[in-house]
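J.: I'm passing along start27.cif; it holds mmCIF, C-alpha atoms.
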data_final
#
loop_
_atom_site.label_atom_id
_atom_site.label_comp_id
_atom_site.auth_asym_id
_atom_site.auth_seq_id
_atom_site.Cartn_x
_atom_site.Cartn_y
_atom_site.Cartn_z
CA MET C 1 6.74 4.74 67.40
CA PRO C 2 3.97 6.79 65.70
CA ARG C 3 6.52 8.04 63.16
CA LYS C 4 7.57 4.46 62.32
CA HIS C 5 3.91 3.48 61.98
CA ALA C 6 3.27 6.45 59.64
CA ILE C 7 6.24 5.52 57.42
CA LEU C 8 5.13 1.87 57.29
CA THR C 9 1.56 2.89 56.45
CA THR C 10 2.82 5.23 53.71
CA ILE C 11 4.95 2.44 52.19
CA VAL C 12 2.06 -0.07 52.26
CA LEU C 13 -0.36 2.44 50.69
CA THR C 14 2.17 3.32 47.99
CA VAL C 15 2.73 -0.35 47.10
CA VAL C 16 -1.02 -1.06 47.03
CA PHE C 17 -1.71 2.03 44.89
CA ALA C 18 1.14 1.24 42.46
CA SER C 19 -0.02 -2.38 42.13
CA GLY C 20 -3.58 -1.31 41.36
CA TYR C 21 -2.40 1.33 38.90
CA ALA C 22 -0.16 -1.16 37.05
CA ALA C 23 -2.92 -3.77 36.96
CA GLY C 24 -5.31 -1.20 35.47
CA GLN C 25 -2.95 -0.31 32.62
CA ARG C 26 -3.92 -1.67 29.22
CA GLN C 27 -1.39 -4.14 27.90
CA PRO C 28 -0.32 -3.98 24.23
CA PRO C 29 -2.23 -6.53 22.13
CA THR C 30 -0.31 -9.52 20.81
CA THR C 31 -2.73 -10.47 18.02
CA ASN C 32 -4.65 -8.61 15.32
CA VAL C 33 -8.33 -7.94 15.87
CA GLY C 34 -10.69 -6.52 13.24
CA PHE C 35 -7.93 -6.49 10.61
CA SER C 36 -8.14 -7.76 7.05
CA GLU C 37 -5.65 -7.77 4.23
CA GLU C 38 -6.19 -8.34 0.54
CA LEU C 39 -3.27 -8.71 -1.85
CA LEU C 40 -4.31 -6.59 -4.81
CA ARG C 41 -1.49 -7.19 -7.29
CA SER C 42 1.90 -8.84 -7.21
CA LEU C 43 4.76 -9.20 -9.66
CA ASP C 44 7.70 -11.57 -9.16
CA LEU C 45 10.79 -9.38 -9.51
CA THR C 46 13.04 -12.32 -10.41
CA GLY C 47 14.66 -11.39 -13.71
CA GLU C 48 13.01 -7.95 -13.79
CA LEU C 49 15.88 -5.89 -12.36
CA GLU C 50 19.65 -6.02 -12.58
CA SER C 51 19.95 -4.26 -9.24
CA GLY C 52 17.80 -2.18 -6.96
CA GLU C 53 20.68 0.07 -5.95
CA GLY C 54 19.76 3.72 -6.44
CA ARG C 55 16.23 2.79 -7.51
CA PRO C 56 13.26 4.07 -5.49
CA LEU C 57 10.07 2.14 -4.89
CA ARG C 58 7.34 4.72 -5.45
CA MET C 59 3.58 4.86 -5.13
CA ARG C 60 1.66 7.47 -7.12
CA LYS C 61 -1.95 8.50 -7.54
CA LEU C 62 -2.55 9.12 -11.24
CA THR C 63 -5.50 10.86 -12.92
CA LEU C 64 -6.46 10.79 -16.59
CA GLN C 65 -9.39 12.88 -17.80
CA PRO C 66 -12.17 11.23 -19.87
CA GLY C 67 -10.86 10.80 -23.42
CA GLY C 68 -7.25 11.29 -22.23
CA VAL C 69 -4.54 8.88 -23.39
CA LEU C 70 -1.28 7.43 -22.16
CA GLY C 71 1.20 7.10 -25.01
CA ILE C 72 2.65 3.73 -25.91
CA HIS C 73 5.38 2.67 -23.51
CA ASN C 74 7.00 -0.44 -22.08
CA HIS C 75 8.04 -1.62 -18.66
CA ILE C 76 11.49 -2.98 -19.43
CA GLY C 77 13.47 -2.43 -16.23
CA ARG C 78 10.46 -0.66 -14.64
CA PRO C 79 8.02 -3.20 -13.23
CA ALA C 80 4.74 -1.76 -11.98
CA ILE C 81 1.46 -2.74 -10.36
CA THR C 82 -1.73 -0.66 -10.58
CA TYR C 83 -5.12 -0.46 -8.88
CA LEU C 84 -8.00 1.54 -10.41
CA LEU C 85 -9.98 3.62 -7.90
CA GLN C 86 -12.52 5.32 -10.20
CA GLY C 87 -13.40 5.70 -13.86
CA GLN C 88 -12.60 3.24 -16.60
CA MET C 89 -9.39 2.53 -18.48
CA THR C 90 -8.96 0.61 -21.69
CA TYR C 91 -5.45 -0.75 -22.20
CA HIS C 92 -4.20 -1.67 -25.65
CA PRO C 93 -1.35 -4.17 -25.21
CA ASP C 94 1.03 -4.63 -28.11
CA GLY C 95 0.07 -7.88 -29.85
CA GLY C 96 -2.86 -8.65 -27.54
CA PRO C 97 -6.57 -7.93 -27.16
CA ASP C 98 -7.81 -4.73 -25.54
CA VAL C 99 -8.43 -4.94 -21.80
CA VAL C 100 -11.08 -2.82 -20.05
CA VAL C 101 -10.40 -2.09 -16.38
CA ASN C 102 -13.02 -0.82 -13.92
CA PRO C 103 -12.65 0.23 -10.26
CA GLY C 104 -11.11 -2.57 -8.24
CA GLY C 105 -9.16 -3.90 -11.20
CA GLY C 106 -5.61 -3.28 -12.31
CA PHE C 107 -2.48 -4.74 -13.83
CA ALA C 108 0.87 -6.26 -13.04
CA GLU C 109 3.24 -4.84 -15.68
CA GLY C 110 6.61 -6.49 -16.23
CA ARG C 111 9.36 -6.37 -18.86
CA SER C 112 7.13 -8.05 -21.46
CA THR C 113 4.50 -5.28 -21.17
CA THR C 114 4.25 -2.74 -24.00
CA HIS C 115 0.94 -0.90 -24.15
CA TRP C 116 -0.94 2.36 -24.38
CA GLY C 117 -4.12 3.31 -22.58
CA GLU C 118 -7.10 5.61 -22.64
CA SER C 119 -9.68 6.83 -20.16
CA THR C 120 -12.94 5.47 -21.58
CA GLY C 121 -15.30 6.35 -18.73
CA ASP C 122 -17.50 9.40 -18.07
CA VAL C 123 -15.41 10.50 -15.06
CA PRO C 124 -11.65 10.87 -14.70
CA ALA C 125 -9.78 7.58 -14.30
CA VAL C 126 -7.91 7.62 -10.99
CA TRP C 127 -5.54 4.85 -10.01
CA VAL C 128 -2.69 4.01 -7.71
CA ALA C 129 0.51 2.91 -9.42
CA VAL C 130 3.49 1.39 -7.63
CA ASP C 131 6.70 1.03 -9.59
CA ILE C 132 10.48 1.05 -9.47
CA PRO C 133 11.44 3.80 -11.95
CA ILE C 134 14.71 4.04 -13.79
CA PRO C 135 16.68 7.05 -12.47
#
Would you put the structure from the file into structure tokens?

T.:
Amino acid sequence: MPRKHAILTTIVLTVVFASGYAAGQRQPPTTNVGFSEELLRSLDLTGELESGEGRPLRMRKLTLQPGGVLGIHNHIGRPAITYLLQGQMTYHPDGGPDVVVNPGGGFAEGRSTTHWGESTGDVPAVWVAVDIPIP
């Protein structure tokens, strides 16, 4: 009988311990807490691309030294969105007024965008650019 009592006691203690251990485990959260999201730029891709096959979506960090320039180019078939982190950029759109961009600003560049740009600040212009380049 003592052996049966020992086995029963062991089983009860194991079940009690396992129940307490499981109850003490942290459950995965089902909602977001302390999270915020801010859409920085968006470009409707309708009519921008024939097909995405073989085309990567890339994100790059770009740096342009003070006084540096980006040569004139367009975004036909290569839509892009940008976000300036530091410095200052002045964009010169074809047929439009100059646009000065400071940190926190940026552009959505679609097929109608033809422009060139220059770093017009005292520190290097650094920005994040996301685009779908032509292979």

J.: Quick one: apply the PyMOL selection byres ((chain C and resi 113-130) around 9) to the file and drop the selected residues here as number ranges by chain.

T.: C: 57-76, 79-95, 100, 102-103, 106, 108-112, 131-132

J.: I'd like the box whose edges run along x, y and z of the file and which contains every listed atom of stretch 101-118 of chain C, padded by 5 Å per side; could you state its centre and edge lengths in Å, one decimal, as lines of an AutoDock Vina configuration file?

T.:
center_x = -1.8
center_y = -1.2
center_z = -16.3
size_x = 32.4
size_y = 23.7
size_z = 26.1

J.: One decimal, Å: what's the distance from atom CA of C:Gly105 over to atom CA of C:Leu43, could you say?

T.: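 Going from atom CA of C:Gly105 over to atom CA of C:Leu43 covers 15.0 Å.
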
J.: Between C:Glu38, C:Asp98, C:Glu48, C:Glu53, which residue has the minimum interatomic distance to C:Gly77, considering all atoms listed in the file?

T.: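 The answer is C:Glu48, which sits nearest to C:Gly77.
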
J.: Between atom CA of C:Thr46 and atom CA of C:Phe107, what distance in Å does the model show, to one decimal?

T.: 17.6 Å

J.: Please indicate the distance in Å from atom CA of C:Ile134 to atom CA of C:Arg78, rounded to one decimal place.

T.: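 Atom CA of C:Ile134 sits 6.4 Å away from atom CA of C:Arg78.
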
J.: Using the incomplete input, complete stretch 62-92 of chain C to the level of N, CA and C atoms; output as a PDB file, in the coordinates of the input.

T.:
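Just written: part.pdb:
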ATOM      1  N   LEU C  62      -2.541   8.575  -9.887  1.00  0.00           N
ATOM      2  CA  LEU C  62      -2.550   9.120 -11.240  1.00  0.00           C
ATOM      3  C   LEU C  62      -3.986   9.407 -11.675  1.00  0.00           C
ATOM      4  N   THR C  63      -4.170  10.468 -12.427  1.00  0.00           N
ATOM      5  CA  THR C  63      -5.500  10.860 -12.920  1.00  0.00           C
ATOM      6  C   THR C  63      -5.420  11.117 -14.408  1.00  0.00           C
ATOM      7  N   LEU C  64      -6.371  10.577 -15.150  1.00  0.00           N
ATOM      8  CA  LEU C  64      -6.460  10.790 -16.590  1.00  0.00           C
ATOM      9  C   LEU C  64      -7.905  11.186 -16.902  1.00  0.00           C
ATOM     10  N   GLN C  65      -8.065  12.343 -17.486  1.00  0.00           N
ATOM     11  CA  GLN C  65      -9.390  12.880 -17.800  1.00  0.00           C
ATOM     12  C   GLN C  65     -10.098  12.006 -18.839  1.00  0.00           C
ATOM     13  N   PRO C  66     -11.445  12.000 -18.852  1.00  0.00           N
ATOM     14  CA  PRO C  66     -12.170  11.230 -19.870  1.00  0.00           C
ATOM     15  C   PRO C  66     -11.675  11.587 -21.276  1.00  0.00           C
ATOM     16  N   GLY C  67     -11.380  10.577 -22.069  1.00  0.00           N
ATOM     17  CA  GLY C  67     -10.860  10.800 -23.420  1.00  0.00           C
ATOM     18  C   GLY C  67      -9.347  10.991 -23.456  1.00  0.00           C
ATOM     19  N   GLY C  68      -8.706  11.130 -22.286  1.00  0.00           N
ATOM     20  CA  GLY C  68      -7.250  11.290 -22.230  1.00  0.00           C
ATOM     21  C   GLY C  68      -6.554   9.979 -22.574  1.00  0.00           C
ATOM     22  N   VAL C  69      -5.302  10.077 -23.000  1.00  0.00           N
ATOM     23  CA  VAL C  69      -4.540   8.880 -23.390  1.00  0.00           C
ATOM     24  C   VAL C  69      -3.171   8.859 -22.732  1.00  0.00           C
ATOM     25  N   LEU C  70      -2.671   7.661 -22.550  1.00  0.00           N
ATOM     26  CA  LEU C  70      -1.280   7.430 -22.160  1.00  0.00           C
ATOM     27  C   LEU C  70      -0.581   6.889 -23.388  1.00  0.00           C
ATOM     28  N   GLY C  71       0.474   7.539 -23.819  1.00  0.00           N
ATOM     29  CA  GLY C  71       1.200   7.100 -25.010  1.00  0.00           C
ATOM     30  C   GLY C  71       1.806   5.723 -24.837  1.00  0.00           C
ATOM     31  N   ILE C  72       2.083   5.089 -25.946  1.00  0.00           N
ATOM     32  CA  ILE C  72       2.650   3.730 -25.910  1.00  0.00           C
ATOM     33  C   ILE C  72       3.978   3.754 -25.156  1.00  0.00           C
ATOM     34  N   HIS C  73       4.154   2.771 -24.302  1.00  0.00           N
ATOM     35  CA  HIS C  73       5.380   2.670 -23.510  1.00  0.00           C
ATOM     36  C   HIS C  73       5.559   1.217 -23.087  1.00  0.00           C
ATOM     37  N   ASN C  74       6.755   0.912 -22.570  1.00  0.00           N
ATOM     38  CA  ASN C  74       7.000  -0.440 -22.080  1.00  0.00           C
ATOM     39  C   ASN C  74       7.460  -0.383 -20.630  1.00  0.00           C
ATOM     40  N   HIS C  75       7.631  -1.532 -20.053  1.00  0.00           N
ATOM     41  CA  HIS C  75       8.040  -1.620 -18.660  1.00  0.00           C
ATOM     42  C   HIS C  75       9.343  -2.392 -18.500  1.00  0.00           C
ATOM     43  N   ILE C  76      10.179  -2.346 -19.522  1.00  0.00           N
ATOM     44  CA  ILE C  76      11.490  -2.980 -19.430  1.00  0.00           C
ATOM     45  C   ILE C  76      12.293  -2.266 -18.354  1.00  0.00           C
ATOM     46  N   GLY C  77      12.706  -3.014 -17.327  1.00  0.00           N
ATOM     47  CA  GLY C  77      13.470  -2.430 -16.230  1.00  0.00           C
ATOM     48  C   GLY C  77      12.638  -1.558 -15.293  1.00  0.00           C
ATOM     49  N   ARG C  78      11.333  -1.481 -15.490  1.00  0.00           N
ATOM     50  CA  ARG C  78      10.460  -0.660 -14.640  1.00  0.00           C
ATOM     51  C   ARG C  78       9.163  -1.406 -14.361  1.00  0.00           C
ATOM     52  N   PRO C  79       9.233  -2.468 -13.549  1.00  0.00           N
ATOM     53  CA  PRO C  79       8.020  -3.200 -13.230  1.00  0.00           C
ATOM     54  C   PRO C  79       7.048  -2.328 -12.443  1.00  0.00           C
ATOM     55  N   ALA C  80       5.761  -2.576 -12.641  1.00  0.00           N
ATOM     56  CA  ALA C  80       4.740  -1.760 -11.980  1.00  0.00           C
ATOM     57  C   ALA C  80       3.510  -2.610 -11.664  1.00  0.00           C
ATOM     58  N   ILE C  81       2.772  -2.192 -10.646  1.00  0.00           N
ATOM     59  CA  ILE C  81       1.460  -2.740 -10.360  1.00  0.00           C
ATOM     60  C   ILE C  81       0.504  -1.575 -10.185  1.00  0.00           C
ATOM     61  N   THR C  82      -0.754  -1.748 -10.621  1.00  0.00           N
ATOM     62  CA  THR C  82      -1.730  -0.660 -10.580  1.00  0.00           C
ATOM     63  C   THR C  82      -3.036  -1.142  -9.972  1.00  0.00           C
ATOM     64  N   TYR C  83      -3.805  -0.178  -9.461  1.00  0.00           N
ATOM     65  CA  TYR C  83      -5.120  -0.460  -8.880  1.00  0.00           C
ATOM     66  C   TYR C  83      -6.024   0.721  -9.207  1.00  0.00           C
ATOM     67  N   LEU C  84      -7.093   0.474  -9.972  1.00  0.00           N
ATOM     68  CA  LEU C  84      -8.000   1.540 -10.410  1.00  0.00           C
ATOM     69  C   LEU C  84      -9.006   1.871  -9.306  1.00  0.00           C
ATOM     70  N   LEU C  85      -9.075   3.151  -8.945  1.00  0.00           N
ATOM     71  CA  LEU C  85      -9.980   3.620  -7.900  1.00  0.00           C
ATOM     72  C   LEU C  85     -11.318   4.097  -8.459  1.00  0.00           C
ATOM     73  N   GLN C  86     -11.279   4.811  -9.598  1.00  0.00           N
ATOM     74  CA  GLN C  86     -12.520   5.320 -10.200  1.00  0.00           C
ATOM     75  C   GLN C  86     -12.331   5.457 -11.699  1.00  0.00           C
ATOM     76  N   GLY C  87     -13.448   5.539 -12.404  1.00  0.00           N
ATOM     77  CA  GLY C  87     -13.400   5.700 -13.860  1.00  0.00           C
ATOM     78  C   GLY C  87     -13.260   4.368 -14.563  1.00  0.00           C
ATOM     79  N   GLN C  88     -12.804   4.444 -15.798  1.00  0.00           N
ATOM     80  CA  GLN C  88     -12.600   3.240 -16.600  1.00  0.00           C
ATOM     81  C   GLN C  88     -11.398   3.470 -17.505  1.00  0.00           C
ATOM     82  N   MET C  89     -10.552   2.475 -17.599  1.00  0.00           N
ATOM     83  CA  MET C  89      -9.390   2.530 -18.480  1.00  0.00           C
ATOM     84  C   MET C  89      -9.473   1.380 -19.469  1.00  0.00           C
ATOM     85  N   THR C  90      -9.109   1.670 -20.702  1.00  0.00           N
ATOM     86  CA  THR C  90      -8.960   0.610 -21.690  1.00  0.00           C
ATOM     87  C   THR C  90      -7.484   0.590 -22.076  1.00  0.00           C
ATOM     88  N   TYR C  91      -6.862  -0.576 -21.865  1.00  0.00           N
ATOM     89  CA  TYR C  91      -5.450  -0.750 -22.200  1.00  0.00           C
ATOM     90  C   TYR C  91      -5.360  -1.505 -23.518  1.00  0.00           C
ATOM     91  N   HIS C  92      -4.427  -1.084 -24.340  1.00  0.00           N
ATOM     92  CA  HIS C  92      -4.200  -1.670 -25.650  1.00  0.00           C
ATOM     93  C   HIS C  92      -2.797  -2.273 -25.663  1.00  0.00           C
TER      94      HIS C  92
END
